[in-house]
$ cat model.cif   # mmCIF, C-alpha atoms
data_start
#
loop_
_atom_site.label_atom_id
_atom_site.label_comp_id
_atom_site.auth_asym_id
_atom_site.auth_seq_id
_atom_site.Cartn_x
_atom_site.Cartn_y
_atom_site.Cartn_z
CA MET I 245 114.01 70.26 -97.40
CA ALA I 246 112.33 68.25 -100.12
CA THR I 247 109.40 67.34 -97.88
CA THR I 248 108.35 70.91 -97.07
CA THR I 249 105.72 71.14 -99.83
CA LEU I 250 104.17 67.82 -98.83
CA GLU I 251 104.06 68.86 -95.17
CA THR I 252 102.36 72.17 -95.92
CA ALA I 253 99.78 70.40 -98.08
CA GLN I 254 98.94 68.02 -95.24
CA GLU I 255 98.78 70.61 -92.49
CA GLY I 256 95.70 69.89 -90.38
CA LYS I 257 95.49 66.15 -91.01
CA ILE I 258 99.06 65.40 -90.13
CA TRP I 259 98.31 62.04 -88.52
CA GLY I 260 96.01 60.98 -91.37
CA GLY I 261 98.55 58.70 -92.99
CA GLY I 262 100.76 59.11 -95.99
CA GLY I 263 102.76 61.92 -94.36
CA ARG I 264 105.62 62.15 -91.89
CA PRO I 265 104.11 63.44 -88.63
CA PHE I 266 107.50 63.73 -86.92
CA GLY I 267 109.24 65.11 -89.99
CA ALA I 268 112.20 62.89 -89.24
CA PRO I 269 113.62 60.02 -91.27
CA TYR I 270 112.97 56.46 -90.15
CA GLY I 271 116.57 55.78 -89.07
CA LYS I 272 116.73 58.91 -86.93
CA LEU I 273 113.47 58.02 -85.15
CA MET I 274 114.72 54.51 -84.43
CA MET I 275 117.98 55.91 -83.07
CA TRP I 276 115.97 58.14 -80.74
CA PHE I 277 113.84 55.23 -79.53
CA PHE I 278 116.95 53.14 -78.94
CA LEU I 279 118.50 55.99 -76.98
CA ILE I 280 115.39 56.32 -74.79
CA SER I 281 115.59 52.63 -73.87
CA ASP I 282 119.33 52.91 -73.28
CA ALA I 283 118.75 55.96 -71.08
CA LEU I 284 116.31 53.94 -68.97
CA THR I 285 118.89 51.15 -68.68
CA PHE I 286 121.51 53.55 -67.36
CA SER I 287 118.93 55.10 -65.02
CA GLY I 288 118.31 51.62 -63.62
CA PHE I 289 122.02 51.13 -62.95
CA LEU I 290 122.49 54.53 -61.35
CA ALA I 291 119.33 54.16 -59.25
CA ALA I 292 120.56 50.77 -58.02
CA TYR I 293 123.89 52.40 -57.16
CA GLY I 294 121.98 55.11 -55.27
CA MET I 295 119.99 52.55 -53.32
CA ILE I 296 123.07 50.65 -52.11
CA ARG I 297 124.77 53.95 -51.36
CA PHE I 298 121.82 55.09 -49.25
CA LYS I 299 121.91 51.75 -47.46
CA ASP I 300 125.60 52.18 -46.54
CA ALA I 301 125.50 55.98 -46.36
CA LEU I 302 127.85 56.34 -43.41
CA THR I 303 130.64 54.02 -44.56
CA TRP I 304 130.48 54.49 -48.35
CA PRO I 305 133.95 55.36 -49.71
CA VAL I 306 134.36 59.08 -50.41
CA ALA I 307 135.14 59.51 -54.12
CA GLU I 308 137.60 62.36 -53.52
CA GLU I 309 139.69 59.94 -51.44
CA VAL I 310 139.58 57.14 -54.02
CA PHE I 311 140.21 58.84 -57.37
CA THR I 312 143.19 61.01 -56.55
CA HIS I 313 145.74 60.22 -59.24
CA PHE I 314 146.86 62.43 -62.07
CA PRO I 315 149.48 61.37 -64.66
CA PHE I 316 153.03 62.52 -63.81
CA LEU I 317 151.95 64.23 -60.58
CA GLU I 318 152.79 62.93 -57.13
CA GLY I 319 150.29 63.27 -54.29
CA ASP I 320 146.51 63.70 -54.09
CA HIS I 321 144.66 65.46 -56.89
CA PRO I 322 141.00 64.59 -56.42
CA LEU I 323 138.61 65.08 -59.35
CA LEU I 324 141.19 66.62 -61.69
CA TYR I 325 141.59 63.55 -63.85
CA VAL I 326 137.86 62.91 -64.33
CA ALA I 327 137.42 66.60 -65.01
CA LEU I 328 139.94 66.21 -67.82
CA MET I 329 138.09 63.13 -69.12
CA THR I 330 134.81 65.10 -69.05
CA PHE I 331 136.46 67.91 -70.98
CA ILE I 332 137.74 65.46 -73.62
CA LEU I 333 134.27 63.96 -74.07
CA ILE I 334 132.52 67.35 -74.30
CA MET I 335 135.16 68.45 -76.79
CA SER I 336 134.55 65.38 -78.96
CA SER I 337 130.82 66.12 -78.78
CA VAL I 338 131.54 69.58 -80.18
CA THR I 339 133.60 68.17 -83.04
CA MET I 340 130.72 65.76 -83.77
CA VAL I 341 128.21 68.64 -84.00
CA LEU I 342 130.60 70.40 -86.35
CA ALA I 343 130.78 67.24 -88.50
CA VAL I 344 126.96 67.08 -88.68
CA HIS I 345 126.87 70.81 -89.45
CA ASN I 346 129.29 70.35 -92.36
CA GLY I 347 127.27 67.36 -93.54
CA GLU I 348 124.15 69.52 -93.82
CA HIS I 349 126.08 71.84 -96.12
CA MET I 350 127.40 68.88 -98.16
CA ASN I 351 130.96 69.84 -97.27
CA LYS I 352 132.79 66.53 -97.45
CA LYS I 353 136.18 67.89 -96.38
CA GLY I 354 134.66 69.42 -93.26
CA VAL I 355 132.90 66.16 -92.32
CA VAL I 356 136.15 64.21 -92.77
CA LEU I 357 138.14 66.60 -90.58
CA TRP I 358 135.64 66.86 -87.73
CA MET I 359 134.74 63.16 -87.69
CA LEU I 360 138.42 62.28 -87.54
CA LEU I 361 138.85 64.59 -84.52
CA THR I 362 135.76 63.04 -82.91
CA ILE I 363 137.22 59.55 -83.32
CA ILE I 364 140.55 60.68 -81.85
CA GLY I 365 138.75 62.30 -78.90
CA GLY I 366 136.76 59.11 -78.30
CA ALA I 367 139.90 56.98 -78.43
CA ILE I 368 141.65 59.28 -75.93
CA PHE I 369 138.65 58.97 -73.61
CA VAL I 370 138.66 55.15 -73.77
CA GLY I 371 142.40 55.23 -73.09
CA SER I 372 141.89 57.53 -70.11
CA GLN I 373 139.30 55.19 -68.73
CA ALA I 374 141.73 52.29 -69.07
CA TRP I 375 144.29 54.34 -67.12
CA GLU I 376 141.70 55.07 -64.43
CA TRP I 377 140.78 51.39 -64.17
CA TYR I 378 144.45 50.40 -64.01
CA HIS I 379 145.06 52.66 -61.01
CA PHE I 380 141.83 51.62 -59.35
CA ILE I 381 142.77 47.94 -59.74
CA ILE I 382 146.38 48.14 -58.51
CA GLY I 383 145.19 50.29 -55.61
CA SER I 384 146.51 53.29 -53.79
CA LYS I 385 147.01 53.14 -50.03
CA GLY I 386 146.08 49.55 -49.20
CA GLY I 387 143.53 48.35 -46.64
CA ILE I 388 143.14 45.94 -43.73
CA GLU I 389 140.26 43.50 -44.08
CA LEU I 390 138.77 42.43 -40.74
CA ASN I 391 137.30 38.97 -40.27
CA ASP I 392 133.78 40.37 -40.84
CA LYS I 393 134.97 41.72 -44.24
CA THR I 394 134.98 45.35 -43.06
CA ILE I 395 137.81 47.31 -44.67
CA MET I 396 139.87 49.57 -42.38
CA HIS I 397 142.56 52.08 -43.33
CA VAL I 398 145.72 52.74 -41.35
CA VAL I 399 145.64 56.27 -39.94
CA ALA I 400 148.39 58.38 -38.39
CA GLU I 401 147.96 60.59 -35.29
CA ASP I 402 146.21 63.33 -37.27
CA GLY I 403 143.46 60.87 -38.29
CA LYS I 404 144.47 60.91 -41.97
CA ALA I 405 144.78 57.62 -43.88
CA ILE I 406 148.35 56.69 -44.80
CA SER I 407 149.64 54.18 -47.35
CA PHE I 408 151.30 50.81 -46.70
CA SER I 409 154.36 52.44 -48.26
CA GLN I 410 154.36 55.06 -45.49
CA VAL I 411 153.61 52.42 -42.85
CA VAL I 412 156.52 50.19 -43.85
CA HIS I 413 159.13 52.70 -45.11
CA GLY I 414 158.23 55.47 -42.66
CA MET I 415 156.52 58.80 -43.37
CA GLU I 416 159.67 60.42 -44.83
CA HIS I 417 160.64 57.67 -47.27
CA GLY I 418 157.24 56.23 -48.17
CA HIS I 419 154.97 57.51 -50.95
CA ALA I 420 151.40 58.70 -50.38
CA SER I 421 150.41 55.94 -52.81
CA ASN I 422 151.88 52.44 -53.02
CA HIS I 423 152.54 52.80 -56.77
CA GLY I 424 151.97 49.11 -57.31
CA GLU I 425 154.55 48.04 -54.71
CA VAL I 426 153.28 44.86 -53.06
CA PHE I 427 153.73 44.48 -49.30
CA THR I 428 153.48 41.21 -47.41
CA GLN I 429 150.99 40.96 -44.60
CA ALA I 430 153.81 40.20 -42.15
CA GLU I 431 155.81 43.38 -42.86
CA VAL I 432 152.71 45.63 -42.74
CA PHE I 433 151.47 44.15 -39.44
CA ALA I 434 154.97 44.24 -37.91
CA ALA I 435 155.27 47.94 -38.83
CA ILE I 436 151.85 48.74 -37.32
CA ASN I 437 152.71 46.83 -34.13
CA ALA I 438 156.01 48.70 -33.86
CA ASN I 439 154.58 52.21 -34.30
CA GLU I 440 152.49 53.40 -31.33
CA ALA I 441 150.96 56.26 -33.38
CA LEU I 442 149.10 54.03 -35.86
CA THR I 443 145.46 52.98 -35.49
CA LEU I 444 142.71 51.72 -37.80
CA LYS I 445 139.75 53.68 -39.15
CA GLU I 446 136.90 52.71 -41.43
CA PRO I 447 136.55 54.86 -44.57
CA GLY I 448 133.42 56.93 -45.20
CA LYS I 449 131.79 59.96 -43.60
CA ALA I 450 131.17 58.29 -40.23
CA GLY I 451 133.08 55.01 -40.21
CA LYS I 452 134.13 53.51 -36.89
CA SER I 453 137.59 54.11 -35.39
CA PHE I 454 139.73 51.70 -33.36
CA ASN I 455 141.94 52.79 -30.50
CA ARG I 456 145.45 51.37 -30.17
CA ALA I 457 144.41 48.29 -28.15
CA GLN I 458 141.56 47.43 -30.52
CA THR I 459 143.93 47.88 -33.45
CA ILE I 460 146.47 45.39 -32.07
CA ALA I 461 143.69 42.92 -31.24
CA ALA I 462 142.07 43.26 -34.69
CA LEU I 463 145.34 42.49 -36.49
CA GLN I 464 145.23 38.93 -35.06
CA THR I 465 142.32 38.01 -37.35
CA SER I 466 142.78 40.37 -40.31
CA ASN I 467 144.27 40.33 -43.80
CA THR I 468 145.90 43.01 -45.89
CA VAL I 469 144.20 43.98 -49.16
CA GLN I 470 145.85 45.90 -51.96
CA GLY I 471 143.89 47.10 -54.95
CA ALA I 472 140.34 46.37 -55.95
CA ASN I 473 138.56 43.66 -57.90
CA MET I 474 135.19 41.88 -57.73
CA ARG I 475 136.12 40.08 -54.48
CA HIS I 476 138.22 42.56 -52.53
CA ASN I 477 138.27 46.33 -52.42
CA GLU I 478 140.89 48.24 -50.43
CA TYR I 479 138.83 51.47 -50.68
CA GLY I 480 135.98 50.17 -48.53
CA LYS I 481 132.59 48.63 -49.31
CA GLN I 482 132.88 45.83 -51.85
CA GLN I 483 129.82 47.02 -53.81
CA PHE I 484 131.54 50.34 -54.48
CA ALA I 485 134.10 48.50 -56.61
CA ASN I 486 131.48 46.27 -58.23
CA PHE I 487 129.29 49.22 -59.25
CA PHE I 488 132.34 51.15 -60.41
CA PHE I 489 133.44 48.34 -62.72
CA PHE I 490 129.92 47.68 -63.94
CA ILE I 491 128.70 51.22 -64.63
CA THR I 492 131.90 52.82 -65.92
CA GLY I 493 132.57 49.58 -67.81
CA PHE I 494 129.16 49.66 -69.47
CA HIS I 495 129.64 53.31 -70.32
CA GLY I 496 133.17 52.65 -71.58
CA PHE I 497 131.77 49.89 -73.80
CA HIS I 498 129.34 52.43 -75.24
CA VAL I 499 132.22 54.81 -75.94
CA PHE I 500 134.21 52.00 -77.54
CA SER I 501 131.31 50.96 -79.79
CA GLY I 502 130.73 54.64 -80.57
CA VAL I 503 134.33 54.95 -81.77
CA VAL I 504 133.95 51.83 -83.92
CA ILE I 505 130.63 53.03 -85.43
CA ASN I 506 132.05 56.51 -86.01
CA PHE I 507 135.00 54.94 -87.78
CA ILE I 508 132.77 52.92 -90.11
CA ILE I 509 130.78 56.05 -91.02
CA PHE I 510 134.02 58.01 -91.39
CA TYR I 511 135.28 55.39 -93.82
CA ASN I 512 132.05 55.67 -95.82
CA VAL I 513 132.45 59.45 -95.90
CA LEU I 514 135.96 58.97 -97.32
CA LEU I 515 134.58 56.60 -99.97
CA GLY I 516 132.05 59.27 -100.93
CA THR I 517 129.01 57.08 -100.13
CA TYR I 518 126.96 59.95 -98.70
CA GLU I 519 128.09 62.38 -101.39
CA ARG I 520 126.52 60.00 -103.94
CA ARG I 521 123.44 59.46 -101.74
CA GLY I 522 122.88 63.20 -101.68
CA HIS I 523 122.71 63.62 -97.89
CA TYR I 524 124.76 63.03 -94.74
CA GLN I 525 121.95 61.75 -92.52
CA MET I 526 124.05 58.77 -91.39
CA VAL I 527 126.52 61.20 -89.83
CA GLU I 528 123.64 62.83 -87.97
CA LYS I 529 122.40 59.46 -86.66
CA VAL I 530 125.76 58.32 -85.31
CA GLY I 531 126.10 61.87 -83.98
CA LEU I 532 122.98 61.31 -81.88
CA TYR I 533 124.51 58.14 -80.41
CA TRP I 534 127.78 59.94 -79.74
CA HIS I 535 126.09 62.82 -77.88
CA PHE I 536 124.14 60.29 -75.85
CA VAL I 537 127.41 58.75 -74.68
CA ASP I 538 128.46 62.22 -73.55
CA LEU I 539 125.08 62.70 -71.86
CA VAL I 540 125.44 59.48 -69.86
CA TRP I 541 128.95 60.46 -68.80
CA VAL I 542 127.58 63.74 -67.40
CA PHE I 543 125.41 61.69 -65.05
CA VAL I 544 128.06 59.07 -64.21
CA PHE I 545 130.47 61.91 -63.42
CA THR I 546 127.97 63.51 -61.04
CA PHE I 547 126.83 60.42 -59.21
CA PHE I 548 130.15 58.56 -59.04
CA TYR I 549 132.62 61.37 -58.52
CA LEU I 550 130.83 64.46 -57.20
CA VAL I 551 127.81 63.59 -55.04
CA MET C 90 104.01 73.06 -87.17
CA ALA C 91 106.87 73.80 -89.47
CA GLN C 92 110.19 72.36 -88.40
CA GLN C 93 112.47 75.02 -87.00
CA HIS C 94 116.06 75.07 -88.05
CA PRO C 95 119.07 75.66 -85.83
CA PRO C 96 120.65 79.11 -86.17
CA GLN C 97 123.01 79.67 -89.07
CA GLY C 98 126.74 79.35 -88.61
CA THR C 99 128.65 77.60 -85.83
CA GLY C 100 128.38 80.29 -83.14
CA TRP C 101 125.62 78.44 -81.25
CA ILE C 102 127.76 75.26 -81.13
CA TRP C 103 130.61 77.07 -79.41
CA LYS C 104 128.20 78.90 -77.13
CA THR C 105 126.83 75.53 -75.96
CA PHE C 106 130.39 74.30 -75.52
CA TRP C 107 131.31 77.24 -73.28
CA ILE C 108 128.17 76.77 -71.19
CA LEU C 109 128.98 73.08 -70.66
CA LEU C 110 132.61 73.85 -69.89
CA ILE C 111 131.79 76.58 -67.36
CA ILE C 112 129.21 74.40 -65.57
CA THR C 113 131.71 71.52 -65.39
CA THR C 114 134.39 73.84 -64.03
CA VAL C 115 132.02 75.12 -61.34
CA GLU C 116 131.12 71.52 -60.41
CA VAL C 117 134.76 70.45 -60.13
CA ALA C 118 135.66 73.57 -58.13
CA LEU C 119 132.80 72.94 -55.69
CA GLY C 120 133.81 69.27 -55.51
CA ILE C 121 137.40 70.14 -54.59
CA ILE C 122 136.61 73.01 -52.20
CA GLN C 123 133.54 71.36 -50.57
CA PRO C 124 132.35 74.70 -49.10
CA GLU C 125 131.46 74.57 -45.43
CA PHE C 126 128.17 76.52 -45.75
CA LEU C 127 126.77 73.99 -48.26
CA GLU C 128 127.14 71.06 -45.87
CA GLY C 129 123.65 71.46 -44.42
CA ILE C 130 121.25 68.55 -44.86
CA LEU C 131 117.87 68.76 -46.64
CA PHE C 132 115.77 65.58 -47.11
CA GLY C 133 118.66 63.25 -46.37
CA THR C 134 121.36 64.80 -48.56
CA ARG C 135 123.66 67.83 -48.60
CA TYR C 136 122.74 71.20 -50.17
CA LEU C 137 125.88 70.74 -52.26
CA ASN C 138 124.43 67.59 -53.81
CA TYR C 139 121.29 69.46 -54.89
CA ILE C 140 123.53 71.98 -56.61
CA PHE C 141 125.43 69.17 -58.36
CA ILE C 142 122.21 67.52 -59.51
CA ILE C 143 120.64 70.76 -60.77
CA LEU C 144 123.83 71.70 -62.67
CA THR C 145 123.90 68.20 -64.16
CA LEU C 146 120.31 68.51 -65.36
CA VAL C 147 121.13 71.88 -66.93
CA LYS C 148 124.07 70.27 -68.74
CA ALA C 149 121.86 67.40 -69.86
CA TYR C 150 119.33 69.89 -71.24
CA TYR C 151 121.96 71.70 -73.29
CA ILE C 152 123.33 68.44 -74.71
CA VAL C 153 119.90 67.09 -75.65
CA ALA C 154 118.37 70.35 -76.86
CA PHE C 155 121.30 71.72 -78.85
CA PHE C 156 123.89 69.02 -79.59
CA MET C 157 121.17 66.45 -80.30
CA HIS C 158 119.04 69.10 -82.07
CA LEU C 159 115.92 68.06 -80.17
CA LYS C 160 114.89 71.70 -79.68
CA TYR C 161 114.56 72.02 -83.45
CA GLU C 162 112.45 68.90 -84.00
CA ARG C 163 108.64 68.82 -84.21
CA LYS C 164 106.79 69.24 -80.91
CA GLY C 165 105.39 65.69 -81.20
CA LEU C 166 108.84 64.16 -81.48
CA GLN C 167 110.15 66.31 -78.60
CA TRP C 168 107.44 65.08 -76.24
CA THR C 169 107.86 61.49 -77.41
CA ILE C 170 111.43 61.67 -76.16
CA TYR C 171 110.95 63.86 -73.09
CA LEU C 172 107.85 62.28 -71.52
CA PRO C 173 109.02 58.67 -70.95
CA ALA C 174 112.29 59.97 -69.53
CA LEU C 175 110.69 62.66 -67.36
CA ILE C 176 108.04 60.30 -65.94
CA LEU C 177 109.87 56.98 -65.60
CA ILE C 178 113.30 58.10 -64.40
CA PRO C 179 112.13 60.24 -61.43
CA TYR C 180 109.61 57.52 -60.55
CA LEU C 181 112.24 54.77 -60.59
CA THR C 182 114.69 56.94 -58.66
CA PHE C 183 112.08 57.79 -56.06
CA ILE C 184 110.96 54.24 -55.27
CA VAL C 185 114.46 52.74 -55.33
CA LEU C 186 116.04 55.45 -53.16
CA THR C 187 113.14 55.27 -50.69
CA GLU C 188 113.80 51.54 -50.45
CA GLY C 189 117.50 52.26 -49.85
CA TYR C 190 116.56 54.63 -47.04
CA TYR C 191 114.54 51.87 -45.33
CA LEU C 192 117.41 49.42 -45.75
CA PHE C 193 119.62 52.00 -43.99
CA GLY C 194 117.17 52.44 -41.11
#
$ encode --input "model.cif" --output "structure tokens"
Amino acid sequence: MATTTLETAQEGKIWGGGGRPFGAPYGKLMMWFFLISDALTFSGFLAAYGMIRFKDALTWPVAEEVFTHFPFLEGDHPLLYVALMTFILIMSSVTMVLAVHNGEHMNKKGVVLWMLLTIIGGAIFVGSQAWEWYHFIIGSKGGIELNDKTIMHVVAEDGKAISFSQVVHGMEHGHASNHGEVFTQAEVFAAINANEALTLKEPGKAGKSFNRAQTIAALQTSNTVQGANMRHNEYGKQQFANFFFFITGFHGFHVFSGVVINFIIFYNVLLGTYERRGHYQMVEKVGLYWHFVDLVWVFVFTFFYLV
Amino acid sequence: MAQQHPPQGTGWIWKTFWILLIITTVEVALGIIQPEFLEGILFGTRYLNYIFIILTLVKAYYIVAFFMHLKYERKGLQWTIYLPALILIPYLTFIVLTEGYYLFG
């Protein structure tokens, strides 16, 4: 480093001015300070999520029952898809470190290759998130919304939630997920009324259960809900959907901007801007942002999908 | 306080990658299996959740220390980053979750 001689000369009065106490360039320091404030923002969101979850601890939707889809596979596969997304993001973090590493050795070809892979990884992640949102929004099993806005799921004799598809078409012909098929309220309620085995149960660890008589009575004043948005949520508590959209959306926006910023820097690398400048510090700075996006995902993954 | 440099070569990058991958795999496996003996409750949440949170913090450390190179920065810069996060985030979490607990009760 060019600054080493200066630093050694100033050892002992490092904060005396004229030196670089942190030994880091201005842009890198500012990136770190931005990331600290961004980290506190995400902490605020996740803490708020935790508070509402503590408040509704007994009836909060169980993540393993909500996020169960995997592309091209029928049936329930909890956690697998987000595990794949996590893997993709960690992988793109690794390619980013390799890009920074090549930048330190002024190896332009290496930076180009690894940054390109980082951008592709980021794009795949954003796409995966879109897929996840799509399935969350069209819904899975469908829910019954009581007149006090409580969401109930239809359960079979074994106490397991079944889909509207299974309610209407029967257990043999119906799918475990509705796959976007829309059912009218009349056909769902008629099927429940006709099948003595079906009752209603609230999602969550200790949600309430209705017996057969309560189920029939409740249907008089209820609505069917399929999918989730900011007003209705078939999976249970409305705030679960709102926090999901807000926090994963905010994180997804970070990933998206990360991809855009990475692309701009990648383009500059191609033009040879940093080769002429004599250093690849810009790659290191966007690298910091990119790793931060991965860092936030580690926490979102834990608190949304695991805990 | 001379600035340390990360180890030569790319071995340490892949080592960090394997650590992160293994921890994630353990988390997902525990999440799918949901072992019976980890269902006990301590201070309002399951043992399993403490394991998830500790593993997450370990992952966070490896990302910040190695991928973000913070371990190889000057001590002053390290503490400038670590202290606000280590003081404010647990504090915020503590007061907000306590409030949530009272809302539940």
$ atom_distance --input "model.cif" --atom1 "CA of Ile280 in chain I" --atom2 "CA of Phe536 in chain I"
9.7 Å
$ resolve_selection --input "model.cif" --expression "the PyMOL selection byres ((chain C and resi 127) around 10)" --output "PyMOL selection string"
chain C and resi 119+123-126+128-130+135-140
$ interface_residues --input "model.cif" --of "chain I" --to "chain C" --cutoff "9 Å" --atoms "only C-alpha atoms" --output "ChimeraX atom specification"
/I:248,251-252,255,265-268,273,276-277,280,283-284,287-288,290-292,294-301,308,321-324,327,330-331,334-335,337-338,340-342,345,528,531-533,535-536,538-540,542-543,546-547,549-551
$ residues_around --input "model.cif" --residues "Val310 in chain I" --least-positions-apart "3" --cutoff "7 Å" --atoms "only C-alpha atoms" --output "ChimeraX atom specification"
/I:306-307,479
$ atom_distance --input "model.cif" --atom1 "CA of Met526 in chain I" --atom2 "CA of Leu357 in chain I"
16.1 Å
$ closest_residue --input "model.cif" --among "I:Met274, I:Met415, I:Ala374, I:Ile258" --to "Gly496 in chain I" --atoms "all atoms listed in the file"
I:Ala374
$ atom_distance --input "model.cif" --atom1 "CA of Gly319 in chain I" --atom2 "CA of Glu446 in chain I"
21.4 Å
$ residues_near_point --input "model.cif" --point "(130.0, 65.4, -92.9)" --cutoff "8 Å" --atoms "all atoms listed in the file" --output "list in words"
Ala343, Val344, His345, Asn346, Gly347, Glu348, Met350, Asn351, Lys352, Lys353, Gly354, Val355, Val356, Trp358, Met359, Val513, Tyr524 and Val527 of chain I
$ resolve_selection --input "model.cif" --expression "the PyMOL selection byres ((chain I and resi 460) around 12)" --output "number ranges by chain"
I: 390, 398, 433-444, 454-459, 461-466
$ resolve_selection --input "model.cif" --expression "the PyMOL selection byres ((chain I and resi 477) around 10)" --output "list in words"
Phe380, Ile381, Gly383, Gly386, Gly387, Ile388, Glu389, Lys393, Thr394, Ile395, Val469, Gln470, Gly471, Ala472, Asn473, Met474, Arg475, His476, Glu478, Tyr479, Gly480, Lys481, Gln482, Gln483, Phe484, Ala485 and Asn486 of chain I
$ write_last_selection --input "model.cif" --atoms "C-alpha atoms" --output "compact mmCIF listing (two decimals), keeping the file's coordinate frame"
# COMPACT_ATOMS: atom_id res chain seq x y z
CA PHE I 380 141.83 51.62 -59.35
CA ILE I 381 142.77 47.94 -59.74
CA GLY I 383 145.19 50.29 -55.61
CA GLY I 386 146.08 49.55 -49.20
CA GLY I 387 143.53 48.35 -46.64
CA ILE I 388 143.14 45.94 -43.73
CA GLU I 389 140.26 43.50 -44.08
CA LYS I 393 134.97 41.72 -44.24
CA THR I 394 134.98 45.35 -43.06
CA ILE I 395 137.81 47.31 -44.67
CA VAL I 469 144.20 43.98 -49.16
CA GLN I 470 145.85 45.90 -51.96
CA GLY I 471 143.89 47.10 -54.95
CA ALA I 472 140.34 46.37 -55.95
CA ASN I 473 138.56 43.66 -57.90
CA MET I 474 135.19 41.88 -57.73
CA ARG I 475 136.12 40.08 -54.48
CA HIS I 476 138.22 42.56 -52.53
CA GLU I 478 140.89 48.24 -50.43
CA TYR I 479 138.83 51.47 -50.68
CA GLY I 480 135.98 50.17 -48.53
CA LYS I 481 132.59 48.63 -49.31
CA GLN I 482 132.88 45.83 -51.85
CA GLN I 483 129.82 47.02 -53.81
CA PHE I 484 131.54 50.34 -54.48
CA ALA I 485 134.10 48.50 -56.61
CA ASN I 486 131.48 46.27 -58.23
$ axis_aligned_box --input "model.cif" --around "range 106-113 of chain C" --padding-each-side "3 Å" --output "AutoDock Vina command-line options"
--center_x 130.4 --center_y 74.4 --center_z -70.5 --size_x 10.4 --size_y 11.7 --size_z 16.1
$ residues_around --input "model.cif" --residues "range 408-413 of chain I" --least-positions-apart "6" --cutoff "7 Å" --atoms "only C-alpha atoms" --output "VMD selection string"
chain I and resid 385 to 386 419 to 422 431 to 432 435 to 436
